[in-house]
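Student: Once you've had a glance at the structure underneath, I'll fire off some questions.
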Amino acid sequence: MKRHILDLFAARSFFLFCLSVLLCYSLSVVPAIAGTVKDIRIWQSPEKTRLVLDLSSSVKHTLFTLDNPGRLVVDLDKTTFKANTGKLSLKDTPVSNIRWGTRNKSDTRVVLDLRTAVRANSFLLRPNATYGHRLVIDLFDQQPKKQPVKQPKPASPRGREVVIAIDAGHGGEDPGAIGHRGVKEKHVTMSIARKLAEKINREPGFKAVLIRTGDYYIKLRRRTQLAREAKADLFISIHADAFKNKKARGASIFVLSNRGATSETARWLAQKENSSDLIGGEGGLSLEDKDDVLAEVLLDLSMTSTLSASMELGDDVLKNIGKFNRLHKKRVEQAAFVVLKSPDIPSMLVEAGFITNPGEAKKLNTRSHQNKVAEAIYSAVRNYFTDRPPPDSWLAWAKGRRLAGKPVGTAPGMRQYIVKAGDTLSAIALRYNITTAKLAKVNKIRLSDPIRTGQKLMIP
Ligand SMILES: [Zn+2]
């Protein structure tokens, strides 16, 4: 009897043993999937093409290129691919097609067919307020695009143009604040920036430079660097932000402060804007930021003069906006925005309003309101530099001529056309490939105004 029980025990143990072996075997066969590629985005900037893969979790990956035909291969360990690549626009990118397949039963291989040879760089990003885990792949042209050599315009003996750098906040991977009905800050800022640039470019003696020309992200330090490369006289960063309180509304102007923010909102907004690099996918270690100590010293040395210019200009812009819009604060505020840390260029940040306020989001999304904001900034900028032109500028020369009661003539960057018999405004516009409206506006005449033989017209 005793033996019988022991046998039973043995049989049961053996059964359990077999079961566990079976279980272990089946577990080792079922692949352990760790992550999923949920979505894929592509951003094209003049400097690179950026591919962003949204992941359900952090994954191990390797990257290599293959020749004939050129391909870039991305291997993702223990990952499935569920992204829809059909919606991606690959036009004007070095990538002609994206394929993927399963390897070793549990890994994913993504293959990018390349049109041109690229140098690739990849890094993982941790989740933030906008996105989860991401794998970022930057593609750089191996043969750098032949940038149209910027022939510096021969400095006119009458002086140079005043350059205004316009920075549309956020872009690409960083949508900025998302407001009522999904209005994205990055689109609102771009529209205002374009409208402002158009107005400035129509003004004799001025030239606008857009820091961002499309929907892509540029890191904050690079924005001021681009302004410096363009030899900007002024840097304007345009935003329309969110605030924790949905009722907050009104426009504000900010200039840099090293001492601390002038208000709670200013501190909050500066913190939010400064974290843009993390959202935009430039949050990795950056050596460029290592010169912070030097930058601080430079800031102290040369900030005083540019700061007073920023303050004065900011004040004018604020007054103009106050004519048609509520102001968040009646005075220019100060906060430590990274994007304003250009010691040598007067810089200001325009918060056109709070996109989180339903009423303001609606307005900010309309062309007419965007145009009003652009006009308010433009007219303050024009008046400021016409009054206080840089000594080597055409505006300074023109001011001198005006004070002496002499004719000013054509500004740099403008041609002059002398109207001949039989000319019409539209025919001249056609000849110079511009619109009649633009020709009329530059010359401050109405479309209905007759033109006379011998009249001098400015051609932008
Ligand atoms: Zn912003």
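Identifiers for the structure tokens are assigned positionally: chains receive A, B, ... in sequence, residues are indexed from 1 per chain, and ligands are indexed from 1 in the order shown.
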Please identify all polymer residues within 7 Å of range 267-280 of chain A, counting only C-alpha atoms, omitting same-chain residues fewer than 2 positions from it, and present them as a list in words.
Tutor: Asn128, Thr130, Glu173, Asp174, Tyr217, Lys219, Leu220, Ala261, Ser263, Glu264, Thr265, Glu282, Gly283, Ala335, Ala336, Phe337 and Val338 of chain A
Student: Show me which residues are within 9 Å of ligand 1 counting only C-alpha atoms and all ligand atoms, and format the list as a list in words.
Tutor: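 Every residue with an atom at most 9 Å from ligand 1 is listed here: Ala168, Gly169, His170, Pro175, Gly176, Ala177, Glu185, Lys186, Thr189, Ser237, Ile238, His239, Ala240, Asp241, Ala242, Leu269, Lys272, Glu273, Ser276 and Glu351 of chain A.
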Student: Could you dump the residues just selected with C-alpha atoms as an mmCIF file, in the first residue's frame?
Tutor:
data_model
loop_
_atom_site.group_PDB
_atom_site.id
_atom_site.type_symbol
_atom_site.label_atom_id
_atom_site.label_comp_id
_atom_site.auth_asym_id
_atom_site.auth_seq_id
_atom_site.Cartn_x
_atom_site.Cartn_y
_atom_site.Cartn_z
ATOM 1 C CA ALA A 168 8.277 81.210 -36.128
ATOM 2 C CA GLY A 169 8.187 79.310 -32.832
ATOM 3 C CA HIS A 170 8.225 75.489 -32.676
ATOM 4 C CA PRO A 175 3.714 71.410 -32.426
ATOM 5 C CA GLY A 176 3.956 73.966 -29.624
ATOM 6 C CA ALA A 177 0.789 74.528 -27.679
ATOM 7 C CA GLU A 185 0.806 76.911 -32.297
ATOM 8 C CA LYS A 186 3.492 76.012 -34.870
ATOM 9 C CA THR A 189 3.366 81.290 -35.656
ATOM 10 C CA SER A 237 10.433 85.103 -32.043
ATOM 11 C CA ILE A 238 6.708 84.580 -32.522
ATOM 12 C CA HIS A 239 4.573 82.401 -30.257
ATOM 13 C CA ALA A 240 0.974 81.816 -29.177
ATOM 14 C CA ASP A 241 1.174 79.753 -26.075
ATOM 15 C CA ALA A 242 -0.733 77.663 -23.634
ATOM 16 C CA LEU A 269 6.200 80.314 -20.146
ATOM 17 C CA LYS A 272 7.822 75.718 -21.219
ATOM 18 C CA GLU A 273 9.528 77.313 -24.220
ATOM 19 C CA SER A 276 10.987 72.865 -26.648
ATOM 20 C CA GLU A 351 3.224 86.030 -27.486
#
Student: If DSSP is run on the backbone, what residues of range 113-271 of chain A are alpha helix (DSSP H)? A reply as an MDAnalysis selection string would be ideal.
Tutor: chainID A and resid 185:202 220:229 264:271
Student: If you count only C-alpha atoms, which residues fall within 9 Å of range 304-321 of chain A, apart from same-chain ones fewer than 2 positions away, as a PyMOL selection string?
Tutor: chain A and resi 234+251-257+299-302+323-327+330-333+342-350+352+372-373+375-381+384
Student: Please measure the separation of CA of Pro407 in chain A and CA of Gln455 in chain A, giving the value in Å to one decimal.
Tutor: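 Separation of CA of Pro407 in chain A and CA of Gln455 in chain A: 14.4 Å.
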Student: Range 48-146 of chain A: which residues are strand (DSSP E or B) by DSSP, as a ChimeraX atom specification?
Tutor: /A:49-55,61-66,71-76,79-81,95-103,107-114,118-125,133-141
Student: For Val136 in chain A, which residue out of A:Val74, A:Ile428, A:Ile418, A:Leu364 is the nearest one, using only C-alpha atoms?
Tutor: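 Ranking A:Val74, A:Ile428, A:Ile418, A:Leu364 by distance to Val136 in chain A, first place goes to A:Val74.
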Student: For Thr65 in chain A, find every residue with an atom within 9 Å (counting only C-alpha atoms), except residues of its own chain fewer than 4 positions away, and show them as a list in words.
Tutor: Gly70, Arg71, Leu72, Val73, Val74, Val118, Arg119 and Ala120 of chain A
Student: What does the distance between CA of Lys341 in chain A and CA of Arg223 in chain A come to in Å, to one decimal place?
Tutor: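 Between these atoms lies a distance of 10.4 Å.
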Student: When you draw a straight line from CA of Gly101 in chain A to CA of Asp39 in chain A, how long is it in Å?
Tutor: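 These atoms are spaced 15.5 Å apart.
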Student: Give me the residues near Lys48 in chain A as a list in words, where near means some atom within 8 Å (using only C-alpha atoms) and where sequence neighbours in that chain fewer than 3 positions away do not count.
Tutor: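 Residues meeting the cut-off are Gln44, Ser45, Asp138, Leu139, Phe140 and Asp141 of chain A.
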Student: Any idea what's packed within 6 Å of range 357-361 of chain A, counting only C-alpha atoms, ignoring anything in its chain fewer than 2 positions away? Could you give it as a PDB file with N, CA, C and O atoms, in the first residue's frame?
Tutor:
ATOM      1  N   HIS A 180      -7.679  75.202 -28.644  1.00  0.00           N
ATOM      2  CA  HIS A 180      -9.063  74.880 -28.899  1.00  0.00           C
ATOM      3  C   HIS A 180      -9.216  74.288 -30.306  1.00  0.00           C
ATOM      4  O   HIS A 180      -8.644  74.804 -31.253  1.00  0.00           O
ATOM      5  N   LYS A 246      -7.004  78.257 -18.465  1.00  0.00           N
ATOM      6  CA  LYS A 246      -7.607  78.463 -19.789  1.00  0.00           C
ATOM      7  C   LYS A 246      -8.162  79.874 -19.971  1.00  0.00           C
ATOM      8  O   LYS A 246      -8.423  80.317 -21.081  1.00  0.00           O
ATOM      9  N   LYS A 247      -8.393  80.551 -18.841  1.00  0.00           N
ATOM     10  CA  LYS A 247      -8.982  81.892 -18.941  1.00  0.00           C
ATOM     11  C   LYS A 247      -7.924  82.942 -19.292  1.00  0.00           C
ATOM     12  O   LYS A 247      -8.263  84.047 -19.699  1.00  0.00           O
ATOM     13  N   PHE A 354      -3.052  83.632 -26.050  1.00  0.00           N
ATOM     14  CA  PHE A 354      -3.049  82.284 -25.485  1.00  0.00           C
ATOM     15  C   PHE A 354      -3.950  81.375 -26.295  1.00  0.00           C
ATOM     16  O   PHE A 354      -5.162  81.563 -26.340  1.00  0.00           O
ATOM     17  N   ILE A 355      -3.341  80.399 -26.927  1.00  0.00           N
ATOM     18  CA  ILE A 355      -4.068  79.487 -27.795  1.00  0.00           C
ATOM     19  C   ILE A 355      -4.981  78.557 -26.992  1.00  0.00           C
ATOM     20  O   ILE A 355      -5.879  77.917 -27.531  1.00  0.00           O
ATOM     21  N   LYS A 363      -9.556  83.359 -32.899  1.00  0.00           N
ATOM     22  CA  LYS A 363      -9.048  84.569 -33.552  1.00  0.00           C
ATOM     23  C   LYS A 363      -7.674  84.331 -34.172  1.00  0.00           C
ATOM     24  O   LYS A 363      -7.416  84.697 -35.312  1.00  0.00           O
ATOM     25  N   LEU A 364      -6.788  83.704 -33.386  1.00  0.00           N
ATOM     26  CA  LEU A 364      -5.407  83.485 -33.835  1.00  0.00           C
ATOM     27  C   LEU A 364      -5.338  82.641 -35.095  1.00  0.00           C
ATOM     28  O   LEU A 364      -4.366  82.679 -35.828  1.00  0.00           O
TER      29      LEU A 364
END
Student: Counting only C-alpha atoms, which of A:Thr62, A:Asn433, A:Ser448, A:Thr262 gets nearest to Ser122 in chain A?
Tutor: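 Among A:Thr62, A:Asn433, A:Ser448, A:Thr262, it is A:Thr62 that comes nearest to Ser122 in chain A.
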Student: Find the residue from A:Asp67, A:Glu47, A:Glu161, A:Asp77 that sits nearest to Ala411 in chain A; use only C-alpha atoms when measuring.
Tutor: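 Of all the options, A:Glu161 lies closest to Ala411 in chain A.
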Student: Pick the closest to Leu447 in chain A from A:Lys244, A:Ile98, A:Ala429, A:Arg401: which is it, counting only C-alpha atoms?
Tutor: A:Ala429
Student: Any idea what's packed within 10 Å of Pro390 in chain A, counting only C-alpha atoms, ignoring anything in its chain fewer than 3 positions away? Could you give it as number ranges by chain?
Tutor: A: 159-162, 233, 385-387, 393-397
Student: Ranking A:Ala83, A:Arg388, A:Leu430, A:Val59 by minimum distance to Arg126 in chain A and counting only C-alpha atoms, which one comes first?
Tutor: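 Comparing A:Ala83, A:Arg388, A:Leu430, A:Val59 against Arg126 in chain A, the winner is A:Val59.
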